[in-house]
$ cat coords-v2.pdb   # PDB, C-alpha atoms
ATOM      1  CA  MET B   1       4.992   9.062  -9.873  1.00  0.00           C
ATOM      2  CA  ARG B   2       7.568   9.663  -7.154  1.00  0.00           C
ATOM      3  CA  PHE B   3       6.627   8.796  -3.622  1.00  0.00           C
ATOM      4  CA  GLU B   4       7.770  10.566  -0.484  1.00  0.00           C
ATOM      5  CA  LEU B   5       7.745   8.459   2.658  1.00  0.00           C
ATOM      6  CA  PRO B   6       5.601  10.219   5.280  1.00  0.00           C
ATOM      7  CA  ALA B   7       7.349  11.451   8.393  1.00  0.00           C
ATOM      8  CA  GLY B   8       7.615   9.023  11.266  1.00  0.00           C
ATOM      9  CA  PHE B   9       8.120   5.859   9.208  1.00  0.00           C
ATOM     10  CA  ALA B  10      11.343   3.855   9.312  1.00  0.00           C
ATOM     11  CA  GLY B  11      10.859   2.340   5.864  1.00  0.00           C
ATOM     12  CA  ILE B  12       8.408   0.425   3.685  1.00  0.00           C
ATOM     13  CA  ARG B  13       6.864  -3.019   3.933  1.00  0.00           C
ATOM     14  CA  VAL B  14       6.081  -4.244   0.404  1.00  0.00           C
ATOM     15  CA  VAL B  15       3.249  -6.771   0.472  1.00  0.00           C
ATOM     16  CA  GLY B  16       2.517  -9.114  -2.414  1.00  0.00           C
ATOM     17  CA  ASP B  17      -0.798 -10.119  -4.004  1.00  0.00           C
ATOM     18  CA  VAL B  18      -3.295 -10.725  -1.178  1.00  0.00           C
ATOM     19  CA  HIS B  19      -6.178 -12.325  -3.111  1.00  0.00           C
ATOM     20  CA  GLY B  20      -8.695 -12.346  -0.289  1.00  0.00           C
ATOM     21  CA  GLU B  21      -6.457 -13.680   2.505  1.00  0.00           C
ATOM     22  CA  SER B  22      -7.479 -11.288   5.262  1.00  0.00           C
ATOM     23  CA  GLY B  23      -5.735 -13.046   8.180  1.00  0.00           C
ATOM     24  CA  PRO B  24      -2.204 -12.980   6.767  1.00  0.00           C
ATOM     25  CA  PHE B  25      -2.806  -9.463   5.458  1.00  0.00           C
ATOM     26  CA  ARG B  26      -3.781  -8.222   8.902  1.00  0.00           C
ATOM     27  CA  ASP B  27      -0.661  -9.907  10.296  1.00  0.00           C
ATOM     28  CA  ALA B  28       1.458  -8.073   7.725  1.00  0.00           C
ATOM     29  CA  ILE B  29      -0.168  -4.772   8.656  1.00  0.00           C
ATOM     30  CA  ALA B  30       0.230  -5.331  12.397  1.00  0.00           C
ATOM     31  CA  GLY B  31       3.912  -6.157  12.013  1.00  0.00           C
ATOM     32  CA  ALA B  32       4.478  -3.135   9.794  1.00  0.00           C
ATOM     33  CA  GLU B  33       2.823  -0.799  12.266  1.00  0.00           C
ATOM     34  CA  ALA B  34       4.845  -2.242  15.151  1.00  0.00           C
ATOM     35  CA  ALA B  35       8.048  -1.615  13.201  1.00  0.00           C
ATOM     36  CA  ARG B  36       6.914   1.832  11.961  1.00  0.00           C
ATOM     37  CA  LEU B  37       6.887   0.693   8.325  1.00  0.00           C
ATOM     38  CA  PHE B  38       4.619   2.203   5.675  1.00  0.00           C
ATOM     39  CA  VAL B  39       2.747  -0.500   3.736  1.00  0.00           C
ATOM     40  CA  VAL B  40       2.839  -0.594  -0.064  1.00  0.00           C
ATOM     41  CA  GLN B  41       0.607  -3.425  -1.268  1.00  0.00           C
ATOM     42  CA  ILE B  42       1.456  -4.436  -4.805  1.00  0.00           C
ATOM     43  CA  GLY B  43      -2.117  -4.925  -6.130  1.00  0.00           C
ATOM     44  CA  ASP B  44      -4.729  -7.695  -6.449  1.00  0.00           C
ATOM     45  CA  LEU B  45      -6.401  -7.334  -3.073  1.00  0.00           C
ATOM     46  CA  THR B  46      -9.306  -9.663  -3.791  1.00  0.00           C
ATOM     47  CA  ASP B  47     -10.502 -12.824  -5.607  1.00  0.00           C
ATOM     48  CA  HIS B  48      -9.813 -16.491  -4.841  1.00  0.00           C
ATOM     49  CA  GLY B  49      -9.365 -16.199  -1.059  1.00  0.00           C
ATOM     50  CA  PRO B  50     -11.980 -16.575   1.689  1.00  0.00           C
ATOM     51  CA  ASP B  51     -12.459 -12.980   2.889  1.00  0.00           C
ATOM     52  CA  ALA B  52     -12.348 -10.224   0.271  1.00  0.00           C
ATOM     53  CA  PRO B  53     -14.475  -7.853   2.423  1.00  0.00           C
ATOM     54  CA  GLY B  54     -12.013  -8.266   5.292  1.00  0.00           C
ATOM     55  CA  VAL B  55      -9.081  -7.452   3.037  1.00  0.00           C
ATOM     56  CA  LEU B  56     -10.793  -4.343   1.673  1.00  0.00           C
ATOM     57  CA  ALA B  57     -11.698  -3.161   5.172  1.00  0.00           C
ATOM     58  CA  ALA B  58      -8.131  -3.691   6.394  1.00  0.00           C
ATOM     59  CA  MET B  59      -6.696  -1.816   3.415  1.00  0.00           C
ATOM     60  CA  PHE B  60      -9.072   1.116   3.753  1.00  0.00           C
ATOM     61  CA  GLY B  61      -8.369   1.354   7.465  1.00  0.00           C
ATOM     62  CA  LEU B  62      -4.656   1.444   6.747  1.00  0.00           C
ATOM     63  CA  MET B  63      -5.181   4.231   4.210  1.00  0.00           C
ATOM     64  CA  ASP B  64      -7.344   6.202   6.633  1.00  0.00           C
ATOM     65  CA  ARG B  65      -4.512   6.049   9.189  1.00  0.00           C
ATOM     66  CA  GLY B  66      -2.076   7.358   6.578  1.00  0.00           C
ATOM     67  CA  ALA B  67      -0.021   4.194   6.997  1.00  0.00           C
ATOM     68  CA  GLY B  68      -0.301   2.525   3.598  1.00  0.00           C
ATOM     69  CA  LEU B  69      -1.574   2.360   0.048  1.00  0.00           C
ATOM     70  CA  PHE B  70      -2.206  -0.204  -2.667  1.00  0.00           C
ATOM     71  CA  LEU B  71      -1.182  -0.242  -6.289  1.00  0.00           C
ATOM     72  CA  LEU B  72      -3.622  -0.896  -9.094  1.00  0.00           C
ATOM     73  CA  GLY B  73      -3.758  -4.571 -10.054  1.00  0.00           C
ATOM     74  CA  ASN B  74      -5.720  -6.229 -12.821  1.00  0.00           C
ATOM     75  CA  HIS B  75      -8.079  -7.900 -10.332  1.00  0.00           C
ATOM     76  CA  ASP B  76      -8.723  -4.559  -8.608  1.00  0.00           C
ATOM     77  CA  HIS B  77      -9.511  -2.903 -11.929  1.00  0.00           C
ATOM     78  CA  LYS B  78     -11.923  -5.704 -12.817  1.00  0.00           C
ATOM     79  CA  LEU B  79     -13.619  -5.556  -9.415  1.00  0.00           C
ATOM     80  CA  ARG B  80     -14.363  -1.852  -9.853  1.00  0.00           C
ATOM     81  CA  ARG B  81     -15.964  -2.458 -13.228  1.00  0.00           C
ATOM     82  CA  ALA B  82     -18.111  -5.223 -11.784  1.00  0.00           C
ATOM     83  CA  LEU B  83     -19.240  -3.056  -8.867  1.00  0.00           C
ATOM     84  CA  LEU B  84     -20.290  -0.383 -11.363  1.00  0.00           C
ATOM     85  CA  GLY B  85     -22.427  -2.940 -13.194  1.00  0.00           C
ATOM     86  CA  GLN B  86     -20.211  -3.075 -16.251  1.00  0.00           C
ATOM     87  CA  PRO B  87     -19.958  -6.395 -18.119  1.00  0.00           C
ATOM     88  CA  VAL B  88     -16.997  -8.472 -16.944  1.00  0.00           C
ATOM     89  CA  LYS B  89     -16.075 -12.142 -17.069  1.00  0.00           C
ATOM     90  CA  ALA B  90     -16.301 -13.439 -13.501  1.00  0.00           C
ATOM     91  CA  SER B  91     -14.129 -16.538 -13.353  1.00  0.00           C
ATOM     92  CA  ALA B  92     -15.133 -19.378 -11.031  1.00  0.00           C
ATOM     93  CA  GLY B  93     -13.460 -19.030  -7.642  1.00  0.00           C
ATOM     94  CA  GLY B  94     -12.197 -15.572  -8.567  1.00  0.00           C
ATOM     95  CA  LEU B  95     -14.290 -12.456  -9.026  1.00  0.00           C
ATOM     96  CA  ASP B  96     -17.544 -14.386  -8.612  1.00  0.00           C
ATOM     97  CA  GLU B  97     -16.356 -15.461  -5.156  1.00  0.00           C
ATOM     98  CA  THR B  98     -15.501 -11.872  -4.209  1.00  0.00           C
ATOM     99  CA  LEU B  99     -18.895 -10.598  -5.357  1.00  0.00           C
ATOM    100  CA  ALA B 100     -20.679 -13.351  -3.421  1.00  0.00           C
ATOM    101  CA  GLN B 101     -18.710 -12.514  -0.269  1.00  0.00           C
ATOM    102  CA  LEU B 102     -19.561  -8.840  -0.630  1.00  0.00           C
ATOM    103  CA  GLU B 103     -23.228  -9.551  -1.324  1.00  0.00           C
ATOM    104  CA  GLY B 104     -23.633 -11.245   2.029  1.00  0.00           C
ATOM    105  CA  HIS B 105     -21.603  -8.707   4.016  1.00  0.00           C
ATOM    106  CA  PRO B 106     -23.375  -6.199   6.297  1.00  0.00           C
ATOM    107  CA  ASP B 107     -21.085  -3.367   5.129  1.00  0.00           C
ATOM    108  CA  ARG B 108     -21.431  -4.224   1.441  1.00  0.00           C
ATOM    109  CA  ALA B 109     -22.669  -0.786   0.322  1.00  0.00           C
ATOM    110  CA  ALA B 110     -19.932   1.126   2.144  1.00  0.00           C
ATOM    111  CA  LEU B 111     -17.166  -1.261   1.052  1.00  0.00           C
ATOM    112  CA  ALA B 112     -18.336  -1.214  -2.564  1.00  0.00           C
ATOM    113  CA  ALA B 113     -18.537   2.585  -2.675  1.00  0.00           C
ATOM    114  CA  ARG B 114     -15.096   2.935  -1.109  1.00  0.00           C
ATOM    115  CA  ALA B 115     -13.611   0.330  -3.473  1.00  0.00           C
ATOM    116  CA  ILE B 116     -14.980   2.136  -6.519  1.00  0.00           C
ATOM    117  CA  GLU B 117     -13.435   5.394  -5.320  1.00  0.00           C
ATOM    118  CA  ALA B 118     -10.107   4.015  -4.096  1.00  0.00           C
ATOM    119  CA  ILE B 119      -9.420   1.776  -7.084  1.00  0.00           C
ATOM    120  CA  ALA B 120     -10.087   4.676  -9.468  1.00  0.00           C
ATOM    121  CA  ARG B 121      -7.173   6.640  -8.033  1.00  0.00           C
ATOM    122  CA  ALA B 122      -4.798   3.823  -7.077  1.00  0.00           C
ATOM    123  CA  PRO B 123      -1.353   4.408  -8.644  1.00  0.00           C
ATOM    124  CA  ALA B 124      -0.427   2.091 -11.504  1.00  0.00           C
ATOM    125  CA  TRP B 125       3.251   2.456 -10.598  1.00  0.00           C
ATOM    126  CA  LEU B 126       5.227   4.266  -7.937  1.00  0.00           C
ATOM    127  CA  ARG B 127       8.881   5.343  -7.668  1.00  0.00           C
ATOM    128  CA  TRP B 128      10.677   5.685  -4.360  1.00  0.00           C
ATOM    129  CA  ARG B 129      14.426   6.341  -4.289  1.00  0.00           C
ATOM    130  CA  ASP B 130      16.080   3.434  -6.138  1.00  0.00           C
ATOM    131  CA  VAL B 131      12.904   1.345  -6.126  1.00  0.00           C
ATOM    132  CA  LEU B 132       9.926   1.105  -8.454  1.00  0.00           C
ATOM    133  CA  PHE B 133       6.679  -0.603  -7.410  1.00  0.00           C
ATOM    134  CA  VAL B 134       4.307  -1.979 -10.060  1.00  0.00           C
ATOM    135  CA  HIS B 135       1.821  -4.828 -10.168  1.00  0.00           C
ATOM    136  CA  GLY B 136       2.505  -6.522 -13.512  1.00  0.00           C
ATOM    137  CA  ALA B 137       5.709  -5.440 -15.226  1.00  0.00           C
ATOM    138  CA  PHE B 138       8.153  -2.583 -15.674  1.00  0.00           C
ATOM    139  CA  HIS B 139       8.775  -0.413 -18.726  1.00  0.00           C
ATOM    140  CA  THR B 140      11.575   2.154 -18.990  1.00  0.00           C
ATOM    141  CA  SER B 141       9.022   4.910 -19.723  1.00  0.00           C
ATOM    142  CA  MET B 142       7.763   4.529 -16.156  1.00  0.00           C
ATOM    143  CA  LEU B 143      10.961   6.198 -14.985  1.00  0.00           C
ATOM    144  CA  ASN B 144       9.975   9.468 -16.642  1.00  0.00           C
ATOM    145  CA  GLU B 145       6.189   9.365 -17.007  1.00  0.00           C
ATOM    146  CA  PRO B 146       3.906   9.685 -13.977  1.00  0.00           C
ATOM    147  CA  ALA B 147       1.122   7.155 -13.594  1.00  0.00           C
ATOM    148  CA  PRO B 148      -2.234   8.577 -14.744  1.00  0.00           C
ATOM    149  CA  PRO B 149      -4.181   9.775 -11.691  1.00  0.00           C
ATOM    150  CA  ASP B 150      -7.300   8.022 -13.012  1.00  0.00           C
ATOM    151  CA  ALA B 151      -5.668   4.772 -14.174  1.00  0.00           C
ATOM    152  CA  GLY B 152      -8.176   2.685 -12.255  1.00  0.00           C
ATOM    153  CA  ALA B 153     -11.136   4.409 -13.887  1.00  0.00           C
ATOM    154  CA  ARG B 154     -10.042   4.113 -17.513  1.00  0.00           C
ATOM    155  CA  ARG B 155      -9.482   1.429 -20.099  1.00  0.00           C
ATOM    156  CA  PRO B 156      -5.960   0.025 -19.567  1.00  0.00           C
ATOM    157  CA  ASP B 157      -3.712   0.822 -22.504  1.00  0.00           C
ATOM    158  CA  GLY B 158      -0.075   1.671 -23.100  1.00  0.00           C
ATOM    159  CA  LEU B 159       1.939   1.813 -19.900  1.00  0.00           C
ATOM    160  CA  VAL B 160      -1.119   1.124 -17.745  1.00  0.00           C
ATOM    161  CA  SER B 161      -1.711  -2.129 -19.617  1.00  0.00           C
ATOM    162  CA  ARG B 162       1.919  -3.117 -19.004  1.00  0.00           C
ATOM    163  CA  ALA B 163       1.548  -2.193 -15.336  1.00  0.00           C
ATOM    164  CA  LEU B 164      -1.585  -4.296 -14.860  1.00  0.00           C
ATOM    165  CA  PHE B 165      -1.090  -7.274 -17.131  1.00  0.00           C
ATOM    166  CA  GLY B 166       2.667  -7.623 -17.554  1.00  0.00           C
ATOM    167  CA  GLN B 167       4.487  -8.180 -20.834  1.00  0.00           C
ATOM    168  CA  THR B 168       2.617 -10.479 -23.187  1.00  0.00           C
ATOM    169  CA  ILE B 169       3.111 -11.881 -26.680  1.00  0.00           C
ATOM    170  CA  ALA B 170       0.382 -10.633 -29.003  1.00  0.00           C
ATOM    171  CA  GLY B 171      -1.891 -13.391 -30.229  1.00  0.00           C
ATOM    172  CA  GLU B 172      -0.298 -16.182 -28.161  1.00  0.00           C
ATOM    173  CA  LEU B 173      -2.333 -17.941 -25.464  1.00  0.00           C
ATOM    174  CA  THR B 174      -1.583 -20.636 -22.924  1.00  0.00           C
ATOM    175  CA  ASP B 175      -3.515 -23.919 -22.895  1.00  0.00           C
ATOM    176  CA  ALA B 176      -5.777 -22.329 -20.270  1.00  0.00           C
ATOM    177  CA  GLY B 177      -6.589 -19.455 -22.623  1.00  0.00           C
ATOM    178  CA  TYR B 178      -4.535 -16.739 -20.958  1.00  0.00           C
ATOM    179  CA  PRO B 179      -2.016 -14.477 -22.744  1.00  0.00           C
ATOM    180  CA  VAL B 180       1.537 -15.792 -22.718  1.00  0.00           C
ATOM    181  CA  ARG B 181       3.570 -13.655 -20.311  1.00  0.00           C
ATOM    182  CA  VAL B 182       7.286 -13.082 -20.768  1.00  0.00           C
ATOM    183  CA  LEU B 183       9.970 -11.473 -18.631  1.00  0.00           C
ATOM    184  CA  ASP B 184      12.043  -9.707 -21.294  1.00  0.00           C
ATOM    185  CA  TRP B 185      11.382  -6.462 -19.429  1.00  0.00           C
ATOM    186  CA  VAL B 186      13.655  -7.528 -16.572  1.00  0.00           C
ATOM    187  CA  ASP B 187      16.703  -7.056 -18.817  1.00  0.00           C
ATOM    188  CA  TYR B 188      15.787  -3.382 -19.311  1.00  0.00           C
ATOM    189  CA  ILE B 189      15.827  -2.437 -15.634  1.00  0.00           C
ATOM    190  CA  PRO B 190      18.751  -0.034 -15.243  1.00  0.00           C
ATOM    191  CA  ALA B 191      21.600  -0.703 -12.842  1.00  0.00           C
ATOM    192  CA  GLY B 192      20.838   0.370  -9.305  1.00  0.00           C
ATOM    193  CA  LEU B 193      17.060   0.036  -9.671  1.00  0.00           C
ATOM    194  CA  THR B 194      14.961  -2.692  -8.037  1.00  0.00           C
ATOM    195  CA  VAL B 195      11.436  -3.359  -9.320  1.00  0.00           C
ATOM    196  CA  TYR B 196       9.006  -4.940  -6.862  1.00  0.00           C
ATOM    197  CA  CYS B 197       6.063  -6.574  -8.616  1.00  0.00           C
ATOM    198  CA  GLY B 198       3.435  -9.290  -8.281  1.00  0.00           C
ATOM    199  CA  HIS B 199       0.893 -10.676 -10.779  1.00  0.00           C
ATOM    200  CA  ASP B 200       2.757 -13.902 -11.571  1.00  0.00           C
ATOM    201  CA  ASN B 201       3.577 -16.542  -8.989  1.00  0.00           C
ATOM    202  CA  ARG B 202       7.160 -17.304  -9.952  1.00  0.00           C
ATOM    203  CA  SER B 203       8.267 -18.202  -6.435  1.00  0.00           C
ATOM    204  CA  ILE B 204      11.071 -20.633  -5.766  1.00  0.00           C
ATOM    205  CA  GLY B 205      10.317 -22.943  -2.844  1.00  0.00           C
ATOM    206  CA  GLY B 206       7.619 -20.582  -1.638  1.00  0.00           C
ATOM    207  CA  ARG B 207       9.961 -17.603  -1.520  1.00  0.00           C
ATOM    208  CA  PRO B 208       9.845 -14.498  -3.743  1.00  0.00           C
ATOM    209  CA  LEU B 209      11.857 -14.856  -6.939  1.00  0.00           C
ATOM    210  CA  ILE B 210      14.677 -12.335  -7.421  1.00  0.00           C
ATOM    211  CA  ALA B 211      15.677 -11.975 -11.084  1.00  0.00           C
ATOM    212  CA  GLN B 212      18.814 -10.126 -12.192  1.00  0.00           C
ATOM    213  CA  GLY B 213      18.623  -8.216 -15.476  1.00  0.00           C
ATOM    214  CA  LYS B 214      21.299  -7.793 -18.143  1.00  0.00           C
ATOM    215  CA  ARG B 215      21.581  -4.038 -17.509  1.00  0.00           C
ATOM    216  CA  GLY B 216      22.285  -4.494 -13.819  1.00  0.00           C
ATOM    217  CA  GLY B 217      18.821  -3.940 -12.356  1.00  0.00           C
ATOM    218  CA  ARG B 218      16.724  -6.581 -10.679  1.00  0.00           C
ATOM    219  CA  ALA B 219      13.098  -7.598 -10.204  1.00  0.00           C
ATOM    220  CA  VAL B 220      11.552  -9.057  -7.064  1.00  0.00           C
ATOM    221  CA  PHE B 221       8.385 -11.115  -7.661  1.00  0.00           C
ATOM    222  CA  LEU B 222       6.286 -11.022  -4.486  1.00  0.00           C
ATOM    223  CA  ASP B 223       3.305 -13.143  -5.531  1.00  0.00           C
ATOM    224  CA  THR B 224       3.781 -16.436  -3.689  1.00  0.00           C
ATOM    225  CA  GLY B 225       0.273 -17.767  -4.204  1.00  0.00           C
ATOM    226  CA  ALA B 226      -1.896 -16.206  -1.488  1.00  0.00           C
ATOM    227  CA  GLY B 227      -5.504 -17.223  -2.079  1.00  0.00           C
ATOM    228  CA  LYS B 228      -4.421 -19.927  -4.503  1.00  0.00           C
ATOM    229  CA  GLY B 229      -2.909 -22.524  -2.210  1.00  0.00           C
ATOM    230  CA  GLY B 230       0.269 -20.591  -1.421  1.00  0.00           C
ATOM    231  CA  HIS B 231       0.919 -17.873   1.126  1.00  0.00           C
ATOM    232  CA  LEU B 232       1.327 -14.123   1.477  1.00  0.00           C
ATOM    233  CA  SER B 233       4.834 -12.665   1.299  1.00  0.00           C
ATOM    234  CA  TRP B 234       6.297  -9.280   2.143  1.00  0.00           C
ATOM    235  CA  ILE B 235       9.707  -7.619   2.200  1.00  0.00           C
ATOM    236  CA  ASP B 236      10.847  -4.721   4.376  1.00  0.00           C
ATOM    237  CA  ILE B 237      12.927  -1.881   2.979  1.00  0.00           C
ATOM    238  CA  LYS B 238      14.595   0.402   5.478  1.00  0.00           C
ATOM    239  CA  ALA B 239      14.635   4.140   4.841  1.00  0.00           C
TER     240      ALA B 239
END
$ encode --input "coords-v2.pdb" --output "structure tokens"
Amino acid sequence: MRFELPAGFAGIRVVGDVHGESGPFRDAIAGAEAARLFVVQIGDLTDHGPDAPGVLAAMFGLMDRGAGLFLLGNHDHKLRRALLGQPVKASAGGLDETLAQLEGHPDRAALAARAIEAIARAPAWLRWRDVLFVHGAFHTSMLNEPAPPDAGARRPDGLVSRALFGQTIAGELTDAGYPVRVLDWVDYIPAGLTVYCGHDNRSIGGRPLIAQGKRGGRAVFLDTGAGKGGHLSWIDIKA
């Protein structure tokens, strides 16, 4: 899916995984609006942090002003399923915390309805000029295939699974029981292309990791641990 920057914006502010940190997210939005930058949030708006409802409200307000969007992340996809009453595994401090925060919020019904609708149509990947935005990991097919318009409302498979969960090794799990994630995909990014992603906190000294691939492309990992003891990061790209 190719993205056209709306008129009046001087570039894009790419914001990493927010994970319920509403204060830093609002700061990122305020700075972007002051600099006339369109916000592309890389996915995983909620879970772990203290104010998931605040993050959702800030994101929806940004969308209503035509000043930003969010990509589909695995936590967003899971939140939608939970709000629809579908069976999901709510990990301690993660989705269960988000649901508890929403349950006690005065705008719960409106936020939940908007989240169900917005997550259903959130793009799984987005191409702009020599940049590709995706939550989990890149695949070369994303350069030619548009993201499904209903990626957030369907079972993740194929390219959508890669976009949400990254590249994993089938059948291999970490000691914590999660799939083993690898970064082989970075070497397949073509020269001249930069992939901005999140999902894994691979930061170096609290700063986003920039990985150079064998074919000349590069990946920028923007998850620096917001909601999990780290902080929220963003990078500005001028038009």
$ resolve_selection --input "coords-v2.pdb" --expression "the PyMOL selection byres ((chain B and resi 14-29) around 8)" --output "VMD selection string"
chain B and resid 12 to 13 30 to 33 39 to 55 58 62 98 196 to 199 222 to 228 232 to 237
$ atom_distance --input "coords-v2.pdb" --atom1 "atom CA of Val160 of chain B" --atom2 "atom CA of Pro148 of chain B"
8.1 Å
$ closest_residue --input "coords-v2.pdb" --among "B:Gly166, B:Pro6, B:Gly152, B:Pro123" --to "Asp200 of chain B" --atoms "all atoms listed in the file"
B:Gly166
$ residues_around --input "coords-v2.pdb" --residues "Ala239 of chain B" --least-positions-apart "5" --cutoff "9 Å" --atoms "all atoms listed in the file" --output "ChimeraX atom specification"
/B:5,9-12
$ closest_residue --input "coords-v2.pdb" --among "B:Val220, B:Leu164, B:Ala137, B:Ala118" --to "Leu183 of chain B" --atoms "only C-alpha atoms"
B:Ala137
$ residues_around --input "coords-v2.pdb" --residues "Ala170 of chain B" --least-positions-apart "4" --cutoff "12 Å" --atoms "all atoms listed in the file" --output "list in words"
Thr174, Tyr178, Pro179, Val180, Arg181 and Val182 of chain B
$ atom_distance --input "coords-v2.pdb" --atom1 "atom CA of Leu84 of chain B" --atom2 "atom CA of Gly68 of chain B"
25.1 Å
$ atom_distance --input "coords-v2.pdb" --atom1 "atom CA of Phe138 of chain B" --atom2 "atom CA of Trp185 of chain B"
6.3 Å
$ closest_residue --input "coords-v2.pdb" --among "B:Ala163, B:Leu83, B:Leu95, B:Leu173" --to "Leu71 of chain B" --atoms "only C-alpha atoms"
B:Ala163
$ resolve_selection --input "coords-v2.pdb" --expression "the PyMOL selection byres ((chain B and resi 127) around 6)" --output "CSV table (one decimal) with C-alpha atoms, keeping the file's coordinate frame"
chain,number,residue,atom,x,y,z
B,1,MET,CA,5.0,9.1,-9.9
B,2,ARG,CA,7.6,9.7,-7.2
B,3,PHE,CA,6.6,8.8,-3.6
B,126,LEU,CA,5.2,4.3,-7.9
B,128,TRP,CA,10.7,5.7,-4.4
B,131,VAL,CA,12.9,1.3,-6.1
B,132,LEU,CA,9.9,1.1,-8.5
$ closest_residue --input "coords-v2.pdb" --among "B:Ala122, B:Val88, B:Ala35, B:Leu209" --to "Met63 of chain B" --atoms "only C-alpha atoms"
B:Ala122
$ resolve_selection --input "coords-v2.pdb" --expression "the PyMOL selection byres ((chain B and resi 74) around 8)" --output "PyMOL selection string"
chain B and resi 43-44+72-73+75-78+164-165
$ residues_around --input "coords-v2.pdb" --residues "Asp150 of chain B" --least-positions-apart "3" --cutoff "10 Å" --atoms "all atoms listed in the file" --output "list in words"
Ile119, Ala120, Arg121, Ala122, Pro123, Ala124, Ala147, Ala153, Arg154 and Arg155 of chain B
